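**Student:** The following file, target-v8.txt, comprises compact mmCIF, C-alpha atoms (C1' of nucleotides):
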```txt
# COMPACT_ATOMS: atom_id res chain seq x y z
CA MET A 1 84.54 62.92 -43.99
CA GLN A 2 81.30 61.79 -42.38
CA LYS A 3 78.41 64.17 -41.81
CA LEU A 4 78.21 65.46 -38.26
CA THR A 5 75.03 66.23 -36.38
CA ARG A 6 74.78 69.74 -34.99
CA LYS A 7 75.23 68.31 -31.51
CA GLU A 8 78.50 66.68 -32.55
CA GLN A 9 79.68 69.93 -34.11
CA ILE A 10 78.94 71.72 -30.86
CA GLU A 11 80.83 69.12 -28.85
CA ARG A 12 83.79 69.28 -31.16
CA THR A 13 84.02 73.06 -31.07
CA ALA A 14 83.55 73.06 -27.32
CA THR A 15 86.31 70.49 -26.92
CA ALA A 16 88.77 72.71 -28.78
CA LEU A 17 87.86 75.66 -26.57
CA PHE A 18 88.00 73.61 -23.38
CA LYS A 19 91.49 72.48 -24.32
CA SER A 20 92.84 75.91 -25.15
CA LYS A 21 91.13 78.02 -22.47
CA GLY A 22 89.86 75.49 -19.95
CA PHE A 23 86.28 74.54 -19.13
CA ALA A 24 85.68 77.22 -16.52
CA ALA A 25 87.15 79.99 -18.64
CA THR A 26 85.08 79.05 -21.69
CA SER A 27 81.67 80.73 -21.65
CA MET A 28 78.65 79.57 -23.58
CA ARG A 29 78.87 82.87 -25.43
CA ASP A 30 82.46 82.07 -26.45
CA LEU A 31 81.27 78.73 -27.73
CA ALA A 32 78.36 80.31 -29.56
CA THR A 33 80.65 82.84 -31.24
CA ALA A 34 82.96 80.06 -32.38
CA LEU A 35 79.94 78.31 -33.89
CA GLY A 36 78.59 81.48 -35.45
CA ILE A 37 75.28 81.43 -33.56
CA GLU A 38 73.74 82.88 -30.39
CA ALA A 39 74.41 81.33 -26.99
CA ALA A 40 70.78 80.53 -26.37
CA SER A 41 70.60 78.53 -29.60
CA ILE A 42 72.99 75.96 -28.20
CA TYR A 43 70.29 74.85 -25.78
CA SER A 44 68.19 73.47 -28.62
CA HIS A 45 70.82 70.71 -28.77
CA ILE A 46 72.25 70.20 -25.30
CA LYS A 47 70.90 70.34 -21.76
CA SER A 48 73.77 72.16 -20.09
CA LYS A 49 77.39 73.18 -20.36
CA GLU A 50 78.36 70.33 -18.07
CA GLU A 51 76.66 67.82 -20.35
CA ILE A 52 79.27 68.60 -23.01
CA LEU A 53 82.11 68.04 -20.58
CA GLN A 54 80.54 64.84 -19.35
CA ARG A 55 80.13 63.41 -22.84
CA VAL A 56 83.70 64.21 -23.83
CA CYS A 57 85.22 62.79 -20.65
CA PHE A 58 83.28 59.54 -20.65
CA ARG A 59 83.58 58.98 -24.38
CA MET A 60 87.36 59.24 -24.08
CA ALA A 61 87.32 56.84 -21.15
CA ASP A 62 85.50 54.38 -23.39
CA GLU A 63 88.07 54.86 -26.14
CA PHE A 64 91.00 54.20 -23.83
CA PHE A 65 89.37 51.02 -22.48
CA GLU A 66 88.47 49.73 -25.92
CA ALA A 67 92.01 50.33 -27.17
CA ILE A 68 93.70 48.54 -24.30
CA ASP A 69 91.16 45.68 -24.47
CA VAL A 70 92.10 45.06 -28.08
CA ALA A 71 95.84 45.45 -27.44
CA GLU A 72 96.31 43.34 -24.37
CA ASP A 73 97.02 39.65 -24.86
CA LYS A 74 97.78 37.83 -21.62
CA ARG A 75 99.77 35.17 -23.42
CA LYS A 76 102.47 37.66 -24.40
CA THR A 77 105.43 38.63 -22.22
CA ALA A 78 105.00 41.54 -19.84
CA SER A 79 107.35 43.62 -21.99
CA ASN A 80 105.29 43.02 -25.08
CA ARG A 81 102.05 43.61 -23.21
CA LEU A 82 103.42 46.93 -22.01
CA ARG A 83 104.53 47.79 -25.55
CA ALA A 84 101.03 47.04 -26.82
CA ALA A 85 99.36 49.03 -24.05
CA VAL A 86 101.64 52.00 -24.67
CA ALA A 87 100.93 51.87 -28.41
CA ALA A 88 97.19 51.68 -27.79
CA HIS A 89 97.29 54.59 -25.38
CA VAL A 90 99.36 56.72 -27.75
CA GLN A 91 97.03 55.93 -30.63
CA VAL A 92 94.02 57.20 -28.70
CA LEU A 93 95.90 60.28 -27.51
CA THR A 94 97.16 61.27 -30.93
CA ASN A 95 93.86 60.52 -32.65
CA ASN A 96 92.03 62.88 -30.28
CA THR A 97 94.50 65.42 -28.96
CA GLU A 98 91.87 67.95 -27.96
CA ALA A 99 89.46 65.52 -26.34
CA SER A 100 92.42 63.89 -24.61
CA ALA A 101 93.46 67.18 -23.08
CA VAL A 102 89.93 67.63 -21.77
CA PHE A 103 89.90 64.06 -20.50
CA LEU A 104 93.20 64.58 -18.69
CA HIS A 105 92.69 68.05 -17.23
CA GLU A 106 89.06 69.21 -17.21
CA TRP A 107 87.31 66.24 -15.58
CA ARG A 108 87.62 67.89 -12.18
CA HIS A 109 84.93 70.36 -13.18
CA LEU A 110 82.41 67.54 -13.26
CA SER A 111 80.01 67.67 -10.33
CA GLU A 112 79.01 64.65 -8.27
CA PRO A 113 78.19 61.91 -8.93
CA LEU A 114 79.93 62.15 -12.31
CA HIS A 115 83.14 63.30 -10.71
CA GLY A 116 83.33 60.18 -8.58
CA GLU A 117 82.34 57.87 -11.42
CA PHE A 118 85.03 59.34 -13.60
CA LEU A 119 87.72 58.87 -10.97
CA ALA A 120 86.65 55.24 -10.52
CA LEU A 121 87.07 54.66 -14.24
CA ARG A 122 90.48 56.29 -14.22
CA ASP A 123 91.59 54.12 -11.33
CA LYS A 124 90.38 51.05 -13.18
CA TYR A 125 92.39 52.06 -16.23
CA GLU A 126 95.54 52.69 -14.20
CA ALA A 127 95.06 49.27 -12.64
CA ARG A 128 95.44 47.72 -16.09
CA PHE A 129 98.94 49.17 -16.36
CA ARG A 130 99.71 48.17 -12.78
CA GLY A 131 98.65 44.62 -13.62
CA ILE A 132 101.05 44.42 -16.54
CA ILE A 133 103.91 45.74 -14.45
CA ARG A 134 103.07 43.41 -11.56
CA SER A 135 103.17 40.33 -13.75
CA GLY A 136 106.48 41.51 -15.18
CA ILE A 137 107.90 41.84 -11.68
CA GLN A 138 106.58 38.39 -10.71
CA ASN A 139 108.14 36.57 -13.66
CA GLY A 140 111.39 38.45 -13.32
CA GLU A 141 111.17 40.50 -16.50
CA PHE A 142 110.97 43.79 -14.63
CA SER A 143 112.85 45.02 -11.61
CA VAL A 144 111.19 48.00 -9.95
CA PRO A 145 110.69 48.75 -6.26
CA ASP A 146 107.07 49.89 -6.41
CA GLU A 147 104.49 48.68 -8.92
CA LYS A 148 102.08 51.57 -8.44
CA PHE A 149 104.82 54.14 -8.65
CA ALA A 150 106.09 52.60 -11.88
CA ALA A 151 102.64 52.50 -13.44
CA LEU A 152 101.96 56.14 -12.62
CA THR A 153 105.32 57.16 -14.01
CA VAL A 154 104.67 55.28 -17.24
CA LEU A 155 101.28 56.92 -17.67
CA SER A 156 102.58 60.36 -16.84
CA ALA A 157 105.31 60.00 -19.45
CA LEU A 158 102.60 59.20 -21.99
CA ASN A 159 100.13 61.88 -20.97
CA TRP A 160 102.29 64.83 -21.95
CA ILE A 161 102.03 63.99 -25.62
CA HIS A 162 98.87 65.96 -26.27
CA THR A 163 100.68 69.19 -25.40
CA TRP A 164 103.09 69.00 -28.31
CA TYR A 165 101.83 66.38 -30.77
CA LYS A 166 100.81 67.68 -34.19
CA PRO A 167 99.60 65.26 -36.87
CA GLU A 168 101.84 67.03 -39.40
CA GLY A 169 104.92 66.65 -37.19
CA LYS A 170 107.88 64.46 -38.04
CA MET A 171 107.02 61.54 -35.76
CA THR A 172 104.12 59.21 -36.46
CA PRO A 173 102.04 57.91 -33.54
CA LEU A 174 103.66 54.50 -33.99
CA GLU A 175 107.16 55.98 -33.88
CA ILE A 176 106.23 57.91 -30.77
CA ALA A 177 104.90 54.75 -29.15
CA ASN A 178 108.05 52.80 -30.05
CA SER A 179 110.36 55.49 -28.74
CA LEU A 180 108.42 55.68 -25.50
CA SER A 181 108.34 51.92 -25.01
CA GLU A 182 112.06 51.73 -25.66
CA MET A 183 112.76 54.52 -23.19
CA LEU A 184 110.47 53.14 -20.50
CA LEU A 185 111.69 49.57 -20.83
CA ASN A 186 115.42 50.18 -21.33
CA GLY A 187 116.06 53.74 -20.22
CA LEU A 188 118.33 56.36 -21.69
CA THR A 189 121.60 54.56 -20.98
CA SER A 190 123.43 52.86 -23.87
CA LYS A 191 123.72 49.09 -23.58
CA MET B 1 107.62 78.97 11.43
CA GLN B 2 108.35 82.45 10.14
CA LYS B 3 105.84 85.24 10.35
CA LEU B 4 103.96 85.81 7.12
CA THR B 5 102.79 89.14 5.82
CA ARG B 6 99.10 89.34 5.02
CA LYS B 7 99.98 89.43 1.34
CA GLU B 8 101.89 86.16 1.67
CA GLN B 9 98.95 84.60 3.51
CA ILE B 10 96.64 85.64 0.71
CA GLU B 11 98.97 84.19 -1.89
CA ARG B 12 99.30 80.95 -0.01
CA THR B 13 95.56 80.50 0.44
CA ALA B 14 94.94 81.44 -3.16
CA THR B 15 97.52 78.91 -4.32
CA ALA B 16 95.71 76.11 -2.52
CA LEU B 17 92.41 77.13 -4.11
CA PHE B 18 93.96 77.52 -7.57
CA LYS B 19 95.36 74.02 -7.31
CA SER B 20 92.15 72.35 -6.17
CA LYS B 21 89.57 74.27 -8.24
CA GLY B 22 91.64 76.00 -10.89
CA PHE B 23 92.31 79.71 -11.34
CA ALA B 24 89.23 80.49 -13.42
CA ALA B 25 86.88 78.59 -11.13
CA THR B 26 88.18 80.31 -8.00
CA SER B 27 86.39 83.57 -7.31
CA MET B 28 87.72 86.38 -5.21
CA ARG B 29 84.76 85.74 -2.90
CA ASP B 30 85.86 82.10 -2.51
CA LEU B 31 89.32 83.31 -1.61
CA ALA B 32 87.93 85.87 0.82
CA THR B 33 85.80 83.25 2.55
CA ALA B 34 88.82 80.97 2.94
CA LEU B 35 90.66 83.88 4.55
CA GLY B 36 87.70 84.84 6.73
CA ILE B 37 87.35 88.35 5.29
CA GLU B 38 85.36 90.19 2.62
CA ALA B 39 86.36 90.05 -1.03
CA ALA B 40 86.92 93.77 -1.29
CA SER B 41 89.38 93.66 1.61
CA ILE B 42 91.81 91.63 -0.46
CA TYR B 43 92.41 94.67 -2.64
CA SER B 44 94.15 96.48 0.19
CA HIS B 45 96.99 94.00 -0.39
CA ILE B 46 97.01 93.07 -4.04
CA LYS B 47 96.26 94.84 -7.31
CA SER B 48 94.31 92.10 -9.06
CA LYS B 49 93.49 88.41 -9.13
CA GLU B 50 95.98 87.92 -11.93
CA GLU B 51 98.76 89.47 -9.83
CA ILE B 52 98.52 86.50 -7.47
CA LEU B 53 98.79 84.03 -10.32
CA GLN B 54 101.70 85.93 -11.78
CA ARG B 55 103.65 85.99 -8.54
CA VAL B 56 103.14 82.27 -7.91
CA CYS B 57 104.11 81.26 -11.45
CA PHE B 58 107.24 83.39 -11.66
CA ARG B 59 108.39 82.62 -8.14
CA MET B 60 108.22 78.91 -8.91
CA ALA B 61 110.13 79.47 -12.14
CA ASP B 62 112.85 81.12 -10.04
CA GLU B 63 112.88 78.20 -7.64
CA PHE B 64 113.31 75.65 -10.41
CA PHE B 65 116.18 77.62 -11.95
CA GLU B 66 117.94 78.12 -8.64
CA ALA B 67 117.67 74.43 -7.84
CA ILE B 68 119.08 73.25 -11.14
CA ASP B 69 121.82 75.88 -11.03
CA VAL B 70 123.02 74.50 -7.72
CA ALA B 71 122.68 70.88 -8.82
CA GLU B 72 124.33 70.95 -12.20
CA ASP B 73 128.06 70.38 -12.34
CA LYS B 74 129.39 70.19 -15.87
CA ARG B 75 132.37 68.11 -14.77
CA LYS B 76 130.17 65.17 -13.87
CA THR B 77 129.01 62.48 -16.28
CA ALA B 78 125.76 63.07 -18.12
CA SER B 79 124.13 60.33 -16.06
CA ASN B 80 125.08 61.99 -12.83
CA ARG B 81 124.11 65.41 -14.11
CA LEU B 82 120.71 64.02 -14.99
CA ARG B 83 120.41 62.41 -11.58
CA ALA B 84 121.22 65.72 -9.94
CA ALA B 85 118.78 67.64 -12.12
CA VAL B 86 116.01 65.12 -11.40
CA ALA B 87 116.69 65.31 -7.67
CA ALA B 88 116.64 69.12 -7.77
CA HIS B 89 113.40 69.19 -9.72
CA VAL B 90 111.75 66.68 -7.39
CA GLN B 91 112.87 68.65 -4.34
CA VAL B 92 111.21 71.82 -5.62
CA LEU B 93 108.06 69.94 -6.61
CA THR B 94 107.66 68.17 -3.29
CA ASN B 95 108.52 71.25 -1.25
CA ASN B 96 105.78 73.25 -2.97
CA THR B 97 103.15 70.86 -4.24
CA GLU B 98 100.41 73.43 -4.47
CA ALA B 99 102.46 76.18 -6.07
CA SER B 100 103.92 73.57 -8.42
CA ALA B 101 100.47 72.54 -9.57
CA VAL B 102 99.68 76.18 -10.30
CA PHE B 103 103.02 76.60 -12.07
CA LEU B 104 102.36 73.54 -14.23
CA HIS B 105 98.69 74.02 -15.07
CA GLU B 106 97.39 77.54 -14.41
CA TRP B 107 99.99 79.67 -16.19
CA ARG B 108 97.86 79.68 -19.33
CA HIS B 109 95.46 82.08 -17.62
CA LEU B 110 98.17 84.74 -17.61
CA SER B 111 97.48 87.47 -20.13
CA GLU B 112 100.09 88.93 -22.45
CA PRO B 113 102.87 89.83 -22.09
CA LEU B 114 103.23 87.66 -18.98
CA HIS B 115 101.98 84.59 -20.83
CA GLY B 116 104.74 84.87 -23.39
CA GLU B 117 107.42 85.64 -20.82
CA PHE B 118 106.41 82.61 -18.83
CA LEU B 119 106.60 80.32 -21.85
CA ALA B 120 110.05 81.66 -22.68
CA LEU B 121 111.23 80.78 -19.17
CA ARG B 122 109.74 77.32 -19.42
CA ASP B 123 111.50 76.74 -22.73
CA LYS B 124 114.77 77.87 -21.19
CA TYR B 125 114.31 75.42 -18.34
CA GLU B 126 113.51 72.55 -20.68
CA ALA B 127 116.64 73.44 -22.63
CA ARG B 128 118.71 72.69 -19.54
CA PHE B 129 117.45 69.12 -19.56
CA ARG B 130 117.93 68.90 -23.31
CA GLY B 131 121.52 70.02 -22.84
CA ILE B 132 122.26 67.27 -20.37
CA ILE B 133 120.76 64.66 -22.65
CA ARG B 134 122.56 66.02 -25.68
CA SER B 135 125.94 65.79 -23.98
CA GLY B 136 125.11 62.25 -22.91
CA ILE B 137 124.34 61.33 -26.49
CA GLN B 138 127.54 62.95 -27.74
CA ASN B 139 129.86 61.13 -25.35
CA GLY B 140 128.06 57.83 -25.88
CA GLU B 141 126.50 57.51 -22.43
CA PHE B 142 122.97 57.76 -23.76
CA SER B 143 121.37 56.25 -26.79
CA VAL B 144 118.12 57.94 -27.76
CA PRO B 145 116.81 58.91 -31.20
CA ASP B 146 115.58 62.41 -30.35
CA GLU B 147 117.04 64.67 -27.70
CA LYS B 148 114.04 66.97 -27.43
CA PHE B 149 111.63 64.07 -27.24
CA ALA B 150 113.69 62.45 -24.48
CA ALA B 151 113.89 65.65 -22.46
CA LEU B 152 110.13 66.22 -22.65
CA THR B 153 109.47 62.63 -21.63
CA VAL B 154 111.78 62.95 -18.64
CA LEU B 155 110.10 66.15 -17.50
CA SER B 156 106.63 64.74 -18.00
CA ALA B 157 107.48 61.72 -15.89
CA LEU B 158 108.55 64.12 -13.12
CA ASN B 159 105.65 66.52 -13.38
CA TRP B 160 102.95 64.10 -12.30
CA ILE B 161 104.33 63.89 -8.80
CA HIS B 162 102.38 66.80 -7.40
CA THR B 163 99.11 64.96 -8.04
CA TRP B 164 99.84 62.18 -5.57
CA TYR B 165 102.76 63.25 -3.36
CA LYS B 166 101.98 63.73 0.33
CA PRO B 167 104.73 64.69 2.78
CA GLU B 168 103.46 62.03 5.18
CA GLY B 169 103.57 59.31 2.50
CA LYS B 170 105.97 56.39 2.58
CA MET B 171 108.45 57.74 0.04
CA THR B 172 110.76 60.65 0.81
CA PRO B 173 111.54 63.16 -1.94
CA LEU B 174 115.03 61.69 -2.22
CA GLU B 175 113.68 58.16 -2.64
CA ILE B 176 111.28 59.40 -5.26
CA ALA B 177 114.10 61.13 -7.11
CA ASN B 178 116.27 57.99 -6.96
CA SER B 179 113.50 55.72 -8.19
CA LEU B 180 112.75 58.09 -11.04
CA SER B 181 116.39 58.45 -12.06
CA GLU B 182 116.81 54.69 -11.99
CA MET B 183 113.73 54.19 -14.11
CA LEU B 184 114.59 56.89 -16.61
CA LEU B 185 118.22 55.85 -16.97
CA ASN B 186 117.84 52.07 -16.93
CA GLY B 187 114.19 51.35 -17.62
CA LEU B 188 111.88 48.76 -16.17
CA THR B 189 113.69 45.74 -17.59
CA SER B 190 115.85 43.61 -15.27
CA LYS B 191 119.55 43.57 -16.09
C1' DT C 1 52.25 69.61 -50.43
C1' DA C 2 51.49 68.83 -45.49
C1' DA C 3 53.47 67.54 -41.20
C1' DA C 4 57.24 66.94 -38.28
C1' DT C 5 61.73 68.01 -36.91
C1' DT C 6 65.76 70.71 -36.68
C1' DT C 7 67.86 74.94 -36.04
C1' DG C 8 68.02 79.47 -34.78
C1' DC C 9 66.44 84.00 -33.05
C1' DT C 10 65.31 88.01 -29.44
C1' DA C 11 64.50 89.16 -24.88
C1' DA C 12 65.16 88.47 -20.45
C1' DC C 13 65.86 86.20 -15.68
C1' DG C 14 68.48 85.91 -11.42
C1' DG C 15 72.74 85.55 -9.84
C1' DA C 16 77.96 85.68 -9.86
C1' DT C 17 82.04 88.24 -11.20
C1' DG C 18 86.26 91.44 -10.53
C1' DT C 19 86.89 95.66 -8.83
C1' DT C 20 86.48 100.59 -6.87
C1' DA C 21 85.21 104.34 -3.51
C1' DG C 22 85.29 105.95 0.83
C1' DG C 23 85.58 105.35 5.45
C1' DA C 24 86.77 103.28 10.04
C1' DA C 25 88.95 100.52 13.50
C1' DA C 26 93.46 98.48 15.05
C1' DC C 27 98.28 98.56 15.44
C1' DG C 28 103.19 99.76 15.57
C1' DT C 29 106.28 103.57 16.17
C1' DA C 30 107.83 108.29 17.43
C1' DT D 1 99.81 110.62 23.09
C1' DA D 2 100.02 111.54 18.18
C1' DC D 3 100.87 109.75 13.50
C1' DG D 4 101.38 106.75 9.80
C1' DT D 5 100.35 102.27 8.25
C1' DT D 6 97.99 98.08 8.01
C1' DT D 7 93.79 95.86 7.83
C1' DC D 8 89.09 95.37 6.97
C1' DC D 9 84.40 97.00 6.31
C1' DT D 10 79.81 98.32 3.64
C1' DA D 11 77.92 99.65 -0.56
C1' DA D 12 77.93 99.63 -5.06
C1' DC D 13 79.41 99.57 -10.13
C1' DA D 14 79.29 97.50 -14.63
C1' DT D 15 79.71 93.42 -16.78
C1' DC D 16 79.43 88.60 -17.54
C1' DC D 17 77.32 84.07 -16.60
C1' DG D 18 74.25 79.85 -17.57
C1' DT D 19 69.87 79.23 -18.73
C1' DT D 20 64.70 79.67 -19.95
C1' DA D 21 60.52 81.19 -22.63
C1' DG D 22 58.36 81.85 -26.66
C1' DC D 23 58.48 82.11 -31.39
C1' DA D 24 59.86 81.68 -36.41
C1' DA D 25 62.33 80.13 -40.31
C1' DA D 26 64.42 76.34 -42.55
C1' DT D 27 64.95 71.63 -43.56
C1' DT D 28 63.63 66.84 -43.69
C1' DT D 29 60.19 63.34 -44.01
C1' DA D 30 55.69 61.41 -45.42
```
Would you mind writing the file out in structure tokens?
**Tutor:**
Amino acid sequence: MQKLTRKEQIERTATALFKSKGFAATSMRDLATALGIEAASIYSHIKSKEEILQRVCFRMADEFFEAIDVAEDKRKTASNRLRAAVAAHVQVLTNNTEASAVFLHEWRHLSEPLHGEFLALRDKYEARFRGIIRSGIQNGEFSVPDEKFAALTVLSALNWIHTWYKPEGKMTPLEIANSLSEMLLNGLTSK
Amino acid sequence: MQKLTRKEQIERTATALFKSKGFAATSMRDLATALGIEAASIYSHIKSKEEILQRVCFRMADEFFEAIDVAEDKRKTASNRLRAAVAAHVQVLTNNTEASAVFLHEWRHLSEPLHGEFLALRDKYEARFRGIIRSGIQNGEFSVPDEKFAALTVLSALNWIHTWYKPEGKMTPLEIANSLSEMLLNGLTSK
DNA sequence: TAAATTTGCTAACGGATGTTAGGAAACGTA
DNA sequence: TACGTTTCCTAACATCCGTTAGCAAATTTA
């Protein structure tokens, strides 16, 4: 257990509140109470409420990109690249369930230009999945009518995990990733 | 185009705002401005801000149940029951994109006991999908390790639609439903 | 021990929030 | 035309909001 700066403690507590109540419904006084201090004291460490949201959203974006950068190997088959991307994505999600929920749902409370920058990053990330699926279609591994539709469906199947995943649950992140890859690649039907 | 009561107009406008800005970030004065009246005037038609949220959430719950009740036919194969349930779900989602977004994301701003009642309904609905998958596993049609996990993955793949679906887009709701069923039942891999 | 930094406080600001009270036009119906 | 209902208004309430100013204790660093 590493030592956290006060600013990191604030971010962490805020992230938990943002996940459970939402950004807009979490007041600085709620956050202060959760930290055991006064609301005004928070401003010795951060500039604004939005700064917290910004840091969480963009840090998670970084994490997702780093994970997929490590996982993706263009020499592998499209199926194996998708398996690796799914595993990487699930690892990040399960390692940071609260920050992931904020990343997935609270980014819209960012004001411009952050809002636009965030959306651009998200598009770029989705494009990575589209690229994998496109190459699978081109070499005949995959058969799907619409590459973008398939990519969004894959990601949406992954992005529900944070709502139910508990570290103490019966499935490990790796098992979850394997089950999802299996289901996305081969479907429910018995072969 | 049927004639709407003022209360229905208020609900409809509020639903659009709740989807785009979120329940907590939408003020009664925002809603009033969108309607072209004063905030206080709204209270001639509704009791509270939460009443609007409640009505939207529970009406959509009704719609989802009605749709799956009509679609499900226990004499069909599990595959075809799943196809029908997916098509029903997609129809409701695409017919009410804004109310669906509220149903999926804003229900957590309901206070007790509504919050609990809503969750119970949602569990009951998910159980319908679990039931279909369970019967498919039992008769050998499906092969998946965890019935609950599979059901949640199916629903999560469906529940992203409202974020991108536009009635004027190139895919019809039926095409979307067919693509999704195909992908969920048979996966991405070519046969 | 002295200086610098971190952490927190009280008090208060200007504005936004959901909602109520009480009244007045406008409208449909008898 | 009279009556009940629908619709909307102004004014105001109590409370909550994010944030700032100014200051003091505590902790870390030199």
**Student:** Using only C-alpha atoms (C1' of nucleotides), I'd like every residue of chain B that has an atom within 8 Å of chain D; please write them out as a list of chain:residue names.
**Tutor:**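 In the required form, that comes to B:Ile37, B:Glu38, B:Ser41, B:Ser44.
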**Student:** Provide as JSON, numbers by chain the residues of chain C at most 12 Å from chain A, counting only C-alpha atoms (C1' of nucleotides).
**Tutor:** {"C": [5, 6, 7, 8, 9, 10, 11, 12]}
**Student:** Find the distance between CA of Lys170 in chain B and CA of Ala150 in chain B and write it in Å to one decimal.
**Tutor:**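 CA of Ala150 in chain B lies 28.8 Å from CA of Lys170 in chain B.
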**Student:** Using only C-alpha atoms, tabulate the residues of chain A lying at most 9 Å from any atom of chain B, each with its closest atom pair and that distance in Å to one decimal, by chain and increasing residue number, as CSV.
**Tutor:**
```
residue,atom,partner,partner_atom,distance
A:Ser20,CA,B:Arg108,CA,8.6
A:Lys21,CA,B:Arg108,CA,7.6
A:Gly22,CA,B:Ala24,CA,8.2
A:Phe23,CA,B:Ala24,CA,8.8
A:Ala24,CA,B:Ala25,CA,5.7
A:Ala25,CA,B:Ala24,CA,5.6
A:Ser79,CA,B:Thr189,CA,8.0
A:His105,CA,B:His105,CA,8.7
A:Arg108,CA,B:Lys21,CA,7.7
A:His109,CA,B:Lys21,CA,7.8
A:Ile133,CA,B:Leu188,CA,8.7
A:Gly136,CA,B:Thr189,CA,8.7
A:Ile137,CA,B:Ser190,CA,8.9
A:Gly140,CA,B:Ser190,CA,7.1
A:Glu141,CA,B:Ser190,CA,5.8
A:Phe142,CA,B:Thr189,CA,4.5
A:Ser143,CA,B:Ser190,CA,4.9
A:Val144,CA,B:Leu188,CA,6.3
A:Pro145,CA,B:Ser179,CA,7.8
A:Asp146,CA,B:Ser179,CA,8.9
A:Phe149,CA,B:Ser179,CA,8.8
A:Ala150,CA,B:Met183,CA,8.1
A:Leu152,CA,B:Trp160,CA,8.0
A:Thr153,CA,B:Ala157,CA,5.4
A:Val154,CA,B:Ala157,CA,7.2
A:Leu155,CA,B:Ala157,CA,8.0
A:Ser156,CA,B:Ala157,CA,5.2
A:Ala157,CA,B:Ala157,CA,4.5
A:Leu158,CA,B:Thr153,CA,7.7
A:Asn159,CA,B:Ser156,CA,7.7
A:Trp160,CA,B:Ser156,CA,5.9
A:Ile161,CA,B:Thr153,CA,8.6
A:Ile176,CA,B:Phe149,CA,8.9
A:Ser179,CA,B:Pro145,CA,7.7
A:Leu180,CA,B:Thr153,CA,8.0
A:Glu182,CA,B:Gly187,CA,8.3
A:Met183,CA,B:Gly187,CA,6.6
A:Leu184,CA,B:Gly187,CA,5.0
A:Leu185,CA,B:Gly187,CA,4.4
A:Asn186,CA,B:Gly187,CA,4.1
A:Gly187,CA,B:Gly187,CA,4.0
A:Leu188,CA,B:Leu185,CA,4.7
A:Thr189,CA,B:Phe142,CA,4.5
A:Ser190,CA,B:Phe142,CA,4.9
A:Lys191,CA,B:Ser143,CA,8.2
```
**Student:** Determine the nearest neighbour of Asn95 in chain B from the options B:Lys124, B:Lys166, B:Lys7, B:Arg75, counting all atoms listed in the file.
**Tutor:**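 Using all atoms listed in the file, Asn95 in chain B sits closest to B:Lys166.
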**Student:** Range 83-94 of chain A: which residues within 8 Å, counting all atoms listed in the file, same-chain residues fewer than 3 positions away excluded, as a ChimeraX atom specification?
**Tutor:** /A:63-64,67-68,71-72,79-80,97,100,129,158-159,161-162,165,167,173-174,176-178,180-181
**Student:** Specify the axis-aligned box that encloses all atoms of range 4-19 of chain D listed in the file after padding of 4 Å on each side, stating its centre and edge lengths in Å to one decimal as AutoDock Vina command-line options.
**Tutor:**
```
--center_x 85.6 --center_y 93.0 --center_z -4.5 --size_x 39.5 --size_y 35.5 --size_z 36.5
```
